[in-house]
Structures are given as C-alpha cells and as structure tokens.
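Enquirer: Structure file start.cif (mmCIF, N, CA and C atoms) is given on the next line.
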data_start
loop_
_atom_site.label_atom_id
_atom_site.label_comp_id
_atom_site.auth_asym_id
_atom_site.auth_seq_id
_atom_site.Cartn_x
_atom_site.Cartn_y
_atom_site.Cartn_z
N MET A 1139 -7.82 -13.32 -7.02
CA MET A 1139 -7.44 -12.72 -8.27
C MET A 1139 -7.46 -11.18 -8.16
N PHE A 1140 -8.47 -10.67 -7.48
CA PHE A 1140 -8.55 -9.21 -7.33
C PHE A 1140 -7.44 -8.68 -6.44
N PHE A 1141 -7.07 -9.46 -5.41
CA PHE A 1141 -5.94 -9.05 -4.58
C PHE A 1141 -4.66 -8.96 -5.41
N LEU A 1142 -4.45 -9.93 -6.28
CA LEU A 1142 -3.25 -9.91 -7.12
C LEU A 1142 -3.30 -8.77 -8.12
N GLY A 1143 -4.47 -8.43 -8.61
CA GLY A 1143 -4.61 -7.27 -9.49
C GLY A 1143 -4.27 -5.97 -8.77
N ILE A 1144 -4.72 -5.85 -7.53
CA ILE A 1144 -4.39 -4.66 -6.74
C ILE A 1144 -2.89 -4.60 -6.49
N ALA A 1145 -2.28 -5.74 -6.15
CA ALA A 1145 -0.83 -5.77 -5.92
C ALA A 1145 -0.07 -5.41 -7.19
N MET A 1146 -0.54 -5.89 -8.34
CA MET A 1146 0.12 -5.58 -9.61
C MET A 1146 0.06 -4.07 -9.90
N VAL A 1147 -1.07 -3.46 -9.65
CA VAL A 1147 -1.19 -2.02 -9.89
C VAL A 1147 -0.26 -1.24 -8.97
N HIS A 1148 -0.19 -1.64 -7.71
CA HIS A 1148 0.72 -0.96 -6.79
C HIS A 1148 2.17 -1.14 -7.23
N PHE A 1149 2.51 -2.32 -7.71
CA PHE A 1149 3.88 -2.56 -8.18
C PHE A 1149 4.20 -1.70 -9.40
N LEU A 1150 3.24 -1.56 -10.30
CA LEU A 1150 3.48 -0.76 -11.50
C LEU A 1150 3.61 0.73 -11.21
N THR A 1151 3.00 1.19 -10.14
CA THR A 1151 3.07 2.62 -9.81
C THR A 1151 4.20 2.96 -8.84
N LEU A 1152 5.00 1.97 -8.43
CA LEU A 1152 6.10 2.23 -7.50
C LEU A 1152 7.10 3.27 -8.01
N PRO A 1153 7.60 3.18 -9.24
CA PRO A 1153 8.58 4.20 -9.69
C PRO A 1153 8.00 5.61 -9.67
N ASP A 1154 6.76 5.77 -10.11
CA ASP A 1154 6.14 7.10 -10.08
C ASP A 1154 5.95 7.58 -8.65
N GLY A 1155 5.62 6.67 -7.75
CA GLY A 1155 5.42 7.06 -6.36
C GLY A 1155 6.69 7.58 -5.72
N PHE A 1156 7.82 6.91 -5.97
CA PHE A 1156 9.08 7.38 -5.41
C PHE A 1156 9.55 8.66 -6.10
N HIS A 1157 9.17 8.83 -7.35
CA HIS A 1157 9.55 10.05 -8.08
C HIS A 1157 8.82 11.28 -7.53
N ILE A 1158 7.54 11.11 -7.18
CA ILE A 1158 6.76 12.25 -6.67
C ILE A 1158 7.21 12.60 -5.25
N GLU A 1159 7.13 11.67 -4.34
CA GLU A 1159 7.54 11.86 -2.94
C GLU A 1159 7.94 10.49 -2.38
N PRO A 1160 8.98 10.42 -1.57
CA PRO A 1160 9.38 9.12 -1.02
C PRO A 1160 8.30 8.46 -0.16
N TYR A 1161 7.51 9.26 0.56
CA TYR A 1161 6.49 8.64 1.41
C TYR A 1161 5.41 7.95 0.59
N ILE A 1162 5.18 8.42 -0.62
CA ILE A 1162 4.19 7.76 -1.48
C ILE A 1162 4.72 6.40 -1.92
N GLY A 1163 6.00 6.33 -2.25
CA GLY A 1163 6.60 5.05 -2.61
C GLY A 1163 6.55 4.04 -1.47
N VAL A 1164 6.86 4.50 -0.26
CA VAL A 1164 6.79 3.61 0.91
C VAL A 1164 5.35 3.17 1.15
N SER A 1165 4.40 4.07 0.98
CA SER A 1165 2.99 3.71 1.14
C SER A 1165 2.57 2.68 0.10
N LEU A 1166 3.08 2.80 -1.10
CA LEU A 1166 2.76 1.81 -2.14
C LEU A 1166 3.35 0.45 -1.81
N ILE A 1167 4.55 0.42 -1.22
CA ILE A 1167 5.14 -0.86 -0.82
C ILE A 1167 4.30 -1.50 0.28
N ILE A 1168 3.85 -0.71 1.24
CA ILE A 1168 2.99 -1.24 2.31
C ILE A 1168 1.67 -1.75 1.74
N ALA A 1169 1.08 -1.00 0.81
CA ALA A 1169 -0.18 -1.43 0.19
C ALA A 1169 0.03 -2.70 -0.63
N LEU A 1170 1.17 -2.82 -1.28
CA LEU A 1170 1.49 -4.02 -2.05
C LEU A 1170 1.58 -5.23 -1.12
N MET A 1171 2.26 -5.07 0.01
CA MET A 1171 2.38 -6.18 0.96
C MET A 1171 1.02 -6.53 1.56
N MET A 1172 0.17 -5.54 1.80
CA MET A 1172 -1.16 -5.82 2.34
C MET A 1172 -2.01 -6.61 1.34
N ALA A 1173 -1.90 -6.28 0.06
CA ALA A 1173 -2.66 -7.01 -0.95
C ALA A 1173 -2.14 -8.45 -1.08
N LEU A 1174 -0.83 -8.63 -1.04
CA LEU A 1174 -0.28 -9.99 -1.10
C LEU A 1174 -0.65 -10.79 0.14
N PHE A 1175 -0.69 -10.14 1.30
CA PHE A 1175 -1.12 -10.81 2.52
C PHE A 1175 -2.58 -11.26 2.39
N GLY A 1176 -3.42 -10.42 1.82
CA GLY A 1176 -4.83 -10.79 1.64
C GLY A 1176 -4.99 -11.97 0.69
N ALA A 1177 -4.20 -11.99 -0.39
CA ALA A 1177 -4.26 -13.12 -1.32
C ALA A 1177 -3.81 -14.40 -0.62
N GLY A 1178 -2.74 -14.30 0.16
CA GLY A 1178 -2.27 -15.48 0.89
C GLY A 1178 -3.26 -15.94 1.94
N ALA A 1179 -3.90 -15.01 2.61
CA ALA A 1179 -4.88 -15.37 3.64
C ALA A 1179 -6.08 -16.09 3.02
N LEU A 1180 -6.50 -15.67 1.84
CA LEU A 1180 -7.61 -16.36 1.19
C LEU A 1180 -7.23 -17.76 0.74
N LEU A 1181 -5.95 -17.97 0.42
CA LEU A 1181 -5.51 -19.31 0.06
C LEU A 1181 -5.46 -20.23 1.27
N VAL A 1182 -5.14 -19.68 2.43
CA VAL A 1182 -4.97 -20.49 3.63
C VAL A 1182 -6.30 -20.82 4.28
N GLU A 1183 -7.18 -19.85 4.43
CA GLU A 1183 -8.44 -20.09 5.11
C GLU A 1183 -9.56 -19.29 4.45
N ASP A 1184 -10.78 -19.69 4.78
CA ASP A 1184 -11.95 -19.07 4.16
C ASP A 1184 -12.92 -18.58 5.23
N ARG A 1185 -12.40 -18.03 6.30
CA ARG A 1185 -13.26 -17.55 7.38
C ARG A 1185 -13.78 -16.16 7.06
N ASP A 1186 -14.75 -15.74 7.87
CA ASP A 1186 -15.35 -14.43 7.66
C ASP A 1186 -14.36 -13.30 7.87
N ARG A 1187 -13.42 -13.46 8.79
CA ARG A 1187 -12.48 -12.37 9.05
C ARG A 1187 -11.62 -12.06 7.83
N VAL A 1188 -11.31 -13.06 7.02
CA VAL A 1188 -10.55 -12.82 5.80
C VAL A 1188 -11.40 -12.05 4.80
N TRP A 1189 -12.69 -12.37 4.73
CA TRP A 1189 -13.57 -11.65 3.82
C TRP A 1189 -13.84 -10.24 4.30
N TRP A 1190 -13.86 -10.02 5.62
CA TRP A 1190 -13.97 -8.65 6.13
C TRP A 1190 -12.72 -7.86 5.76
N TYR A 1191 -11.57 -8.50 5.83
CA TYR A 1191 -10.32 -7.84 5.41
C TYR A 1191 -10.38 -7.50 3.92
N ALA A 1192 -10.91 -8.43 3.12
CA ALA A 1192 -11.03 -8.17 1.69
C ALA A 1192 -11.98 -7.01 1.42
N LEU A 1193 -13.07 -6.95 2.17
CA LEU A 1193 -14.01 -5.84 2.00
C LEU A 1193 -13.34 -4.51 2.33
N ALA A 1194 -12.62 -4.47 3.45
CA ALA A 1194 -11.94 -3.23 3.84
C ALA A 1194 -10.85 -2.86 2.83
N GLU A 1195 -10.08 -3.82 2.39
CA GLU A 1195 -9.00 -3.56 1.43
C GLU A 1195 -9.57 -3.02 0.11
N GLY A 1196 -10.64 -3.64 -0.36
CA GLY A 1196 -11.23 -3.18 -1.61
C GLY A 1196 -11.80 -1.78 -1.51
N LEU A 1197 -12.54 -1.51 -0.44
CA LEU A 1197 -13.12 -0.18 -0.28
C LEU A 1197 -12.06 0.89 -0.09
N LEU A 1198 -11.03 0.58 0.69
CA LEU A 1198 -9.96 1.57 0.91
C LEU A 1198 -9.21 1.86 -0.38
N ASN A 1199 -8.96 0.85 -1.20
CA ASN A 1199 -8.27 1.10 -2.46
C ASN A 1199 -9.14 1.88 -3.43
N GLY A 1200 -10.41 1.51 -3.53
CA GLY A 1200 -11.30 2.21 -4.44
C GLY A 1200 -11.53 3.66 -4.05
N PHE A 1201 -11.88 3.88 -2.79
CA PHE A 1201 -12.13 5.25 -2.33
C PHE A 1201 -10.84 6.05 -2.20
N GLY A 1202 -9.73 5.37 -1.93
CA GLY A 1202 -8.44 6.06 -1.89
C GLY A 1202 -8.08 6.64 -3.25
N TYR A 1203 -8.37 5.88 -4.31
CA TYR A 1203 -8.13 6.39 -5.66
C TYR A 1203 -9.00 7.61 -5.93
N VAL A 1204 -10.28 7.51 -5.58
CA VAL A 1204 -11.20 8.63 -5.84
C VAL A 1204 -10.78 9.87 -5.05
N LEU A 1205 -10.45 9.70 -3.77
CA LEU A 1205 -10.06 10.85 -2.95
C LEU A 1205 -8.74 11.46 -3.40
N SER A 1206 -7.80 10.63 -3.84
CA SER A 1206 -6.53 11.18 -4.31
C SER A 1206 -6.71 11.97 -5.60
N ARG A 1207 -7.68 11.62 -6.40
CA ARG A 1207 -7.92 12.37 -7.63
C ARG A 1207 -8.72 13.64 -7.37
N VAL A 1208 -9.57 13.62 -6.37
CA VAL A 1208 -10.38 14.81 -6.06
C VAL A 1208 -9.56 15.83 -5.28
N GLN A 1209 -8.92 15.40 -4.20
CA GLN A 1209 -8.23 16.33 -3.31
C GLN A 1209 -6.73 16.36 -3.50
N GLY A 1210 -6.16 15.39 -4.13
CA GLY A 1210 -4.71 15.30 -4.22
C GLY A 1210 -4.14 14.65 -2.98
N LEU A 1211 -2.83 14.50 -2.94
CA LEU A 1211 -2.16 13.90 -1.79
C LEU A 1211 -1.42 14.97 -1.02
N PRO A 1212 -1.28 14.80 0.29
CA PRO A 1212 -0.57 15.81 1.08
C PRO A 1212 0.91 15.87 0.72
N LEU A 1213 1.49 17.04 0.83
CA LEU A 1213 2.91 17.30 0.62
C LEU A 1213 3.38 17.06 -0.81
N THR A 1214 2.47 17.07 -1.78
CA THR A 1214 2.88 16.85 -3.17
C THR A 1214 2.81 18.11 -4.00
N SER A 1215 2.14 19.11 -3.54
CA SER A 1215 1.97 20.40 -4.23
C SER A 1215 1.53 20.22 -5.68
N GLY A 1216 0.59 19.30 -5.90
CA GLY A 1216 -0.01 19.12 -7.23
C GLY A 1216 0.94 18.62 -8.29
N GLN A 1217 1.82 17.70 -7.97
CA GLN A 1217 2.79 17.18 -8.94
C GLN A 1217 2.20 16.04 -9.76
N GLY A 1218 1.07 16.26 -10.36
CA GLY A 1218 0.49 15.24 -11.22
C GLY A 1218 -0.28 14.17 -10.48
N VAL A 1219 -0.67 14.42 -9.24
CA VAL A 1219 -1.42 13.42 -8.50
C VAL A 1219 -2.91 13.69 -8.61
N SER A 1220 -3.34 14.92 -8.34
CA SER A 1220 -4.77 15.21 -8.44
C SER A 1220 -5.15 15.36 -9.90
N GLY A 1221 -6.42 15.12 -10.19
CA GLY A 1221 -6.87 15.09 -11.58
C GLY A 1221 -6.42 13.79 -12.21
N GLY A 1222 -6.28 13.74 -13.50
CA GLY A 1222 -5.79 12.53 -14.17
C GLY A 1222 -6.67 11.32 -13.92
N TRP A 1223 -7.97 11.48 -14.12
CA TRP A 1223 -8.91 10.40 -13.83
C TRP A 1223 -8.74 9.20 -14.75
N PHE A 1224 -8.22 9.40 -15.92
CA PHE A 1224 -8.24 8.33 -16.92
C PHE A 1224 -6.89 7.65 -17.11
N ARG A 1225 -6.03 7.68 -16.09
CA ARG A 1225 -4.80 6.91 -16.15
C ARG A 1225 -5.15 5.44 -15.96
N ALA A 1226 -4.48 4.60 -16.73
CA ALA A 1226 -4.85 3.18 -16.72
C ALA A 1226 -4.63 2.52 -15.36
N THR A 1227 -3.53 2.86 -14.69
CA THR A 1227 -3.26 2.20 -13.41
C THR A 1227 -4.28 2.62 -12.35
N GLY A 1228 -4.65 3.88 -12.34
CA GLY A 1228 -5.63 4.34 -11.36
C GLY A 1228 -7.00 3.75 -11.59
N MET A 1229 -7.40 3.68 -12.84
CA MET A 1229 -8.71 3.09 -13.14
C MET A 1229 -8.72 1.60 -12.83
N ALA A 1230 -7.59 0.93 -13.09
CA ALA A 1230 -7.51 -0.50 -12.76
C ALA A 1230 -7.57 -0.71 -11.25
N LEU A 1231 -6.93 0.18 -10.49
CA LEU A 1231 -6.96 0.07 -9.03
C LEU A 1231 -8.38 0.25 -8.51
N ALA A 1232 -9.10 1.23 -9.01
CA ALA A 1232 -10.48 1.43 -8.59
C ALA A 1232 -11.35 0.24 -9.00
N PHE A 1233 -11.14 -0.27 -10.20
CA PHE A 1233 -11.90 -1.41 -10.70
C PHE A 1233 -11.68 -2.63 -9.82
N PHE A 1234 -10.42 -2.99 -9.58
CA PHE A 1234 -10.13 -4.16 -8.76
C PHE A 1234 -10.61 -3.96 -7.32
N GLY A 1235 -10.43 -2.76 -6.79
CA GLY A 1235 -10.83 -2.50 -5.42
C GLY A 1235 -12.33 -2.62 -5.22
N PHE A 1236 -13.10 -1.98 -6.09
CA PHE A 1236 -14.55 -2.04 -5.92
C PHE A 1236 -15.11 -3.43 -6.22
N LEU A 1237 -14.50 -4.15 -7.18
CA LEU A 1237 -14.97 -5.52 -7.43
C LEU A 1237 -14.63 -6.45 -6.27
N LEU A 1238 -13.46 -6.27 -5.67
CA LEU A 1238 -13.11 -7.07 -4.50
C LEU A 1238 -14.07 -6.78 -3.35
N ALA A 1239 -14.40 -5.52 -3.15
CA ALA A 1239 -15.35 -5.16 -2.09
C ALA A 1239 -16.74 -5.73 -2.38
N ALA A 1240 -17.17 -5.70 -3.63
CA ALA A 1240 -18.48 -6.25 -3.98
C ALA A 1240 -18.51 -7.76 -3.76
N LEU A 1241 -17.45 -8.45 -4.15
CA LEU A 1241 -17.39 -9.90 -3.95
C LEU A 1241 -17.38 -10.25 -2.47
N ALA A 1242 -16.58 -9.54 -1.69
CA ALA A 1242 -16.51 -9.82 -0.26
C ALA A 1242 -17.85 -9.51 0.42
N GLY A 1243 -18.48 -8.41 0.05
CA GLY A 1243 -19.78 -8.07 0.62
C GLY A 1243 -20.84 -9.11 0.28
N TRP A 1244 -20.82 -9.59 -0.95
CA TRP A 1244 -21.78 -10.61 -1.37
C TRP A 1244 -21.58 -11.90 -0.58
N ILE A 1245 -20.34 -12.30 -0.40
CA ILE A 1245 -20.07 -13.53 0.35
C ILE A 1245 -20.46 -13.38 1.81
N LEU A 1246 -20.14 -12.23 2.41
CA LEU A 1246 -20.49 -12.03 3.82
C LEU A 1246 -22.00 -11.99 4.03
N ILE A 1247 -22.72 -11.34 3.12
CA ILE A 1247 -24.18 -11.29 3.25
C ILE A 1247 -24.79 -12.67 3.06
N SER A 1248 -24.32 -13.43 2.08
CA SER A 1248 -24.88 -14.76 1.85
C SER A 1248 -24.59 -15.69 3.03
N ARG A 1249 -23.41 -15.57 3.62
CA ARG A 1249 -23.12 -16.40 4.79
C ARG A 1249 -23.98 -16.01 5.98
N ARG A 1250 -24.21 -14.73 6.15
CA ARG A 1250 -25.05 -14.29 7.28
C ARG A 1250 -26.49 -14.78 7.09
N LEU A 1251 -27.00 -14.70 5.88
CA LEU A 1251 -28.36 -15.18 5.64
C LEU A 1251 -28.45 -16.68 5.83
N ARG A 1252 -27.42 -17.40 5.43
CA ARG A 1252 -27.42 -18.85 5.59
C ARG A 1252 -27.39 -19.22 7.08
N ARG A 1253 -26.62 -18.48 7.88
CA ARG A 1253 -26.57 -18.76 9.31
C ARG A 1253 -27.88 -18.40 10.01
N ARG A 1254 -28.52 -17.35 9.54
CA ARG A 1254 -29.74 -16.90 10.18
C ARG A 1254 -30.87 -17.91 9.97
N ASN A 1255 -30.94 -18.48 8.80
CA ASN A 1255 -32.00 -19.42 8.47
C ASN A 1255 -31.45 -20.84 8.61
N ARG A 1256 -31.62 -21.41 9.78
CA ARG A 1256 -31.05 -22.73 10.05
C ARG A 1256 -31.75 -23.82 9.26
N TYR A 1257 -32.98 -23.61 8.90
CA TYR A 1257 -33.76 -24.66 8.27
C TYR A 1257 -33.80 -24.53 6.76
N PHE A 1258 -32.82 -23.85 6.21
CA PHE A 1258 -32.72 -23.75 4.76
C PHE A 1258 -32.36 -25.13 4.23
N PRO A 1259 -33.01 -25.60 3.17
CA PRO A 1259 -32.74 -26.96 2.71
C PRO A 1259 -31.30 -27.13 2.22
N ILE A 1260 -30.72 -28.26 2.57
CA ILE A 1260 -29.36 -28.58 2.15
C ILE A 1260 -29.45 -29.22 0.78
N THR A 1261 -28.73 -28.64 -0.19
CA THR A 1261 -28.84 -29.11 -1.56
C THR A 1261 -27.55 -29.70 -2.11
N SER A 1262 -26.48 -29.70 -1.33
CA SER A 1262 -25.22 -30.25 -1.84
C SER A 1262 -24.43 -30.87 -0.70
N ALA A 1263 -23.44 -31.67 -1.06
CA ALA A 1263 -22.58 -32.28 -0.05
C ALA A 1263 -21.76 -31.22 0.67
N PHE A 1264 -21.40 -30.16 -0.02
CA PHE A 1264 -20.64 -29.08 0.61
C PHE A 1264 -21.46 -28.42 1.71
N GLN A 1265 -22.73 -28.16 1.44
CA GLN A 1265 -23.59 -27.57 2.46
C GLN A 1265 -23.83 -28.54 3.61
N ARG A 1266 -23.90 -29.83 3.30
CA ARG A 1266 -24.09 -30.82 4.35
C ARG A 1266 -22.88 -30.85 5.28
N ARG A 1267 -21.70 -30.66 4.71
CA ARG A 1267 -20.48 -30.65 5.51
C ARG A 1267 -20.44 -29.41 6.40
N LEU A 1268 -20.97 -28.29 5.92
CA LEU A 1268 -20.96 -27.05 6.70
C LEU A 1268 -22.06 -27.01 7.76
N ALA A 1269 -23.11 -27.78 7.56
CA ALA A 1269 -24.25 -27.73 8.48
C ALA A 1269 -23.86 -28.36 9.82
N PRO A 1270 -24.35 -27.80 10.91
CA PRO A 1270 -24.06 -28.40 12.22
C PRO A 1270 -24.77 -29.74 12.35
N PRO A 1271 -24.20 -30.65 13.12
CA PRO A 1271 -24.87 -31.95 13.29
C PRO A 1271 -26.18 -31.78 14.03
N PRO A 1272 -27.14 -32.66 13.77
CA PRO A 1272 -28.43 -32.53 14.46
C PRO A 1272 -28.25 -32.79 15.96
N ARG A 1273 -29.08 -32.13 16.74
CA ARG A 1273 -29.01 -32.29 18.19
C ARG A 1273 -29.55 -33.67 18.59
N ALA A 1274 -28.89 -34.25 19.57
CA ALA A 1274 -29.36 -35.54 20.08
C ALA A 1274 -30.60 -35.31 20.93
N LYS A 1275 -31.59 -36.14 20.73
CA LYS A 1275 -32.84 -36.01 21.48
C LYS A 1275 -32.73 -36.84 22.76
N HIS A 1276 -32.84 -36.18 23.88
CA HIS A 1276 -32.77 -36.86 25.17
C HIS A 1276 -34.19 -37.12 25.67
N PRO A 1277 -34.41 -38.30 26.19
CA PRO A 1277 -35.77 -38.55 26.72
C PRO A 1277 -36.03 -37.68 27.94
N ALA A 1278 -37.26 -37.23 28.06
CA ALA A 1278 -37.64 -36.39 29.20
C ALA A 1278 -37.68 -37.23 30.46
N GLU A 1279 -37.15 -36.71 31.54
CA GLU A 1279 -37.13 -37.47 32.79
C GLU A 1279 -38.20 -37.00 33.71
#
Kindly transcribe the structure held in the file into structure tokens.

Expert:
Amino acid sequence: MFFLGIAMVHFLTLPDGFHIEPYIGVSLIIALMMALFGAGALLVEDRDRVWWYALAEGLLNGFGYVLSRVQGLPLTSGQGVSGGWFRATGMALAFFGFLLAALAGWILISRRLRRRNRYFPITSAFQRRLAPPPRAKHPAE
C-alpha cells in the first residue's frame, strides 16, 4: 500500500516536474517505475531482499524530500523547488516513504530475532510451516 502511495505521489507531480526541468520529470518517471516494481515484488515474494528494497526505497524517498526542500535541486535556480515544506504531495511522499521504511525495518528486525532464537516457541501453523524440520537423531557408532 505504501509503495502504491509513493507511486501515486510521483504520478501527481509529473506535470510540475517536466515544467521545472525535463530531468526532474524523467527522474519522477524512474521513481514511479521503481515504486511499482517494489509493489509487484512484494506481491510475488516475501523474502528479505524485497524488504531491504522497501527499506531503501522508503528512506530514499523520505530523505530525498527533506534534502530537496533544504538545499533545492541542481540546475533549477530556485524555481519553486526549495522551501515549500507544506505542499500536500511532498508531505505525502515523506509520510509514505518513512512509514514504508519503518514497516520494512520492523519486519527485518523481527525476522532476524526469530532466526537468531531457534528455540522460540511455535504458536501458530504459519510459524510451524516456517520452522526448519527437526534434525534426525543418528545412533552413535
């Protein structure tokens, strides 16, 4: 859902991006495709690498918004890019980006803790399916 929110914000800012500088519009198209790729990847598989991608995508979008408002964008000569902290699309991009990063970080940390503690009690059928099978005990020779 957060990936689709990020893609929606990039889509809504496309006309403004091409109006300011063409490279900004092209960058927004690339960012839109990256967000849609992330949403599709989460639908296809649930591995850690997809969640690492989600963490990176969320942090880059959130901090990219903050840096563009603080320093502005290159080659724009201050055409309404720097400043403007309270534009709805920019705030939505930061919101979706940081929430996606928080969700991905939480999932990655919980999976790491679960892997580290092998003897954590299994409380559901889903966890039983994820748990490795018990080792076969071989008689000592």

Enquirer: Kindly give the distance, in Å, that separates CA of Trp1190 in chain A and CA of His1148 in chain A, rounded to a single decimal.

Expert: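 Distance reported for this atom pair: 21.0 Å.
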
Enquirer: Have a look at CA of Ala1230 in chain A and CA of Met1146 in chain A and let me know their distance in Å, one decimal.

Expert: 9.7 Å

Enquirer: Go through A:Ala1274, A:Val1164, A:Glu1159, A:Gly1196 one by one, measure the shortest atom-to-atom distance of each to Leu1238 in chain A using all atoms listed in the file, and give the residue with the smallest value.

Expert: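 Residue with the minimum atom-to-atom distance to Leu1238 in chain A: A:Gly1196.
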
Enquirer: Extract, using only N, CA and C atoms, all DNA, RNA and protein residues at most 8 Å from Leu1193 in chain A, discarding same-chain residues fewer than 5 positions from it, and format them as a PyMOL selection string.

Expert: chain A and resi 1187-1188+1198-1199+1235+1238-1243

Enquirer: Using only N, CA and C atoms, please write the residues we just selected to a file, as a PDB file, in the coordinates of the input.

Expert:
ATOM      1  N   ARG A1187     -13.420 -13.460   8.790  1.00  0.00           N
ATOM      2  CA  ARG A1187     -12.480 -12.370   9.050  1.00  0.00           C
ATOM      3  C   ARG A1187     -11.620 -12.060   7.830  1.00  0.00           C
ATOM      4  N   VAL A1188     -11.310 -13.060   7.020  1.00  0.00           N
ATOM      5  CA  VAL A1188     -10.550 -12.820   5.800  1.00  0.00           C
ATOM      6  C   VAL A1188     -11.400 -12.050   4.800  1.00  0.00           C
ATOM      7  N   LEU A1198     -11.030   0.580   0.690  1.00  0.00           N
ATOM      8  CA  LEU A1198      -9.960   1.570   0.910  1.00  0.00           C
ATOM      9  C   LEU A1198      -9.210   1.860  -0.380  1.00  0.00           C
ATOM     10  N   ASN A1199      -8.960   0.850  -1.200  1.00  0.00           N
ATOM     11  CA  ASN A1199      -8.270   1.100  -2.460  1.00  0.00           C
ATOM     12  C   ASN A1199      -9.140   1.880  -3.430  1.00  0.00           C
ATOM     13  N   GLY A1235     -10.430  -2.760  -6.790  1.00  0.00           N
ATOM     14  CA  GLY A1235     -10.830  -2.500  -5.420  1.00  0.00           C
ATOM     15  C   GLY A1235     -12.330  -2.620  -5.220  1.00  0.00           C
ATOM     16  N   LEU A1238     -13.460  -6.270  -5.670  1.00  0.00           N
ATOM     17  CA  LEU A1238     -13.110  -7.070  -4.500  1.00  0.00           C
ATOM     18  C   LEU A1238     -14.070  -6.780  -3.350  1.00  0.00           C
ATOM     19  N   ALA A1239     -14.400  -5.520  -3.150  1.00  0.00           N
ATOM     20  CA  ALA A1239     -15.350  -5.160  -2.090  1.00  0.00           C
ATOM     21  C   ALA A1239     -16.740  -5.730  -2.380  1.00  0.00           C
ATOM     22  N   ALA A1240     -17.170  -5.700  -3.630  1.00  0.00           N
ATOM     23  CA  ALA A1240     -18.480  -6.250  -3.980  1.00  0.00           C
ATOM     24  C   ALA A1240     -18.510  -7.760  -3.760  1.00  0.00           C
ATOM     25  N   LEU A1241     -17.450  -8.450  -4.150  1.00  0.00           N
ATOM     26  CA  LEU A1241     -17.390  -9.900  -3.950  1.00  0.00           C
ATOM     27  C   LEU A1241     -17.380 -10.250  -2.470  1.00  0.00           C
ATOM     28  N   ALA A1242     -16.580  -9.540  -1.690  1.00  0.00           N
ATOM     29  CA  ALA A1242     -16.510  -9.820  -0.260  1.00  0.00           C
ATOM     30  C   ALA A1242     -17.850  -9.510   0.420  1.00  0.00           C
ATOM     31  N   GLY A1243     -18.480  -8.410   0.050  1.00  0.00           N
ATOM     32  CA  GLY A1243     -19.780  -8.070   0.620  1.00  0.00           C
ATOM     33  C   GLY A1243     -20.840  -9.110   0.280  1.00  0.00           C
TER      34      GLY A1243
END

Enquirer: Counting only N, CA and C atoms, which of A:Phe1236, A:Phe1149, A:Phe1141, A:Phe1201 gets nearest to Phe1175 in chain A?

Expert: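 Between A:Phe1236, A:Phe1149, A:Phe1141, A:Phe1201, the residue approaching Phe1175 in chain A most closely is A:Phe1141.
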
Enquirer: List every residue of chain A that DSSP, applied to the backbone of this structure, assigns to alpha helix (DSSP H), and report them as number ranges by chain.

Expert: A: 1140-1150, 1152-1158, 1160-1182, 1186-1209, 1226-1254, 1263-1268

Enquirer: In Å, how far is it from atom N of Ile1144 in chain A to atom C of His1157 in chain A?

Expert: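 Distance reported for this atom pair: 21.8 Å.
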
Enquirer: For each of A:Phe1140, A:Tyr1161, A:Leu1181, A:Thr1151, take the minimum atom-to-atom distance to Ala1226 in chain A, counting only C-alpha atoms, then give the residue where this is smallest.

Expert: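 Among A:Phe1140, A:Tyr1161, A:Leu1181, A:Thr1151, it is A:Thr1151 that comes nearest to Ala1226 in chain A.
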
Enquirer: Please provide as a PyMOL selection string all residues within 12 Å of Ile1167 in chain A, with the sequence filter that same-chain residues fewer than 4 positions apart are discarded (counting only C-alpha atoms).

Expert: chain A and resi 1144-1153+1155-1156+1160-1163+1171-1174

Enquirer: Determine the axis-aligned bounding box of all atoms of range 1240-1246 of chain A present in the file, pad each side by 6 Å, and express its centre and edge lengths in Å to one decimal place as JSON.

Expert:
{"center_x": -19.3, "center_y": -9.6, "center_z": -0.1, "size_x": 17.5, "size_y": 19.8, "size_z": 20.2}
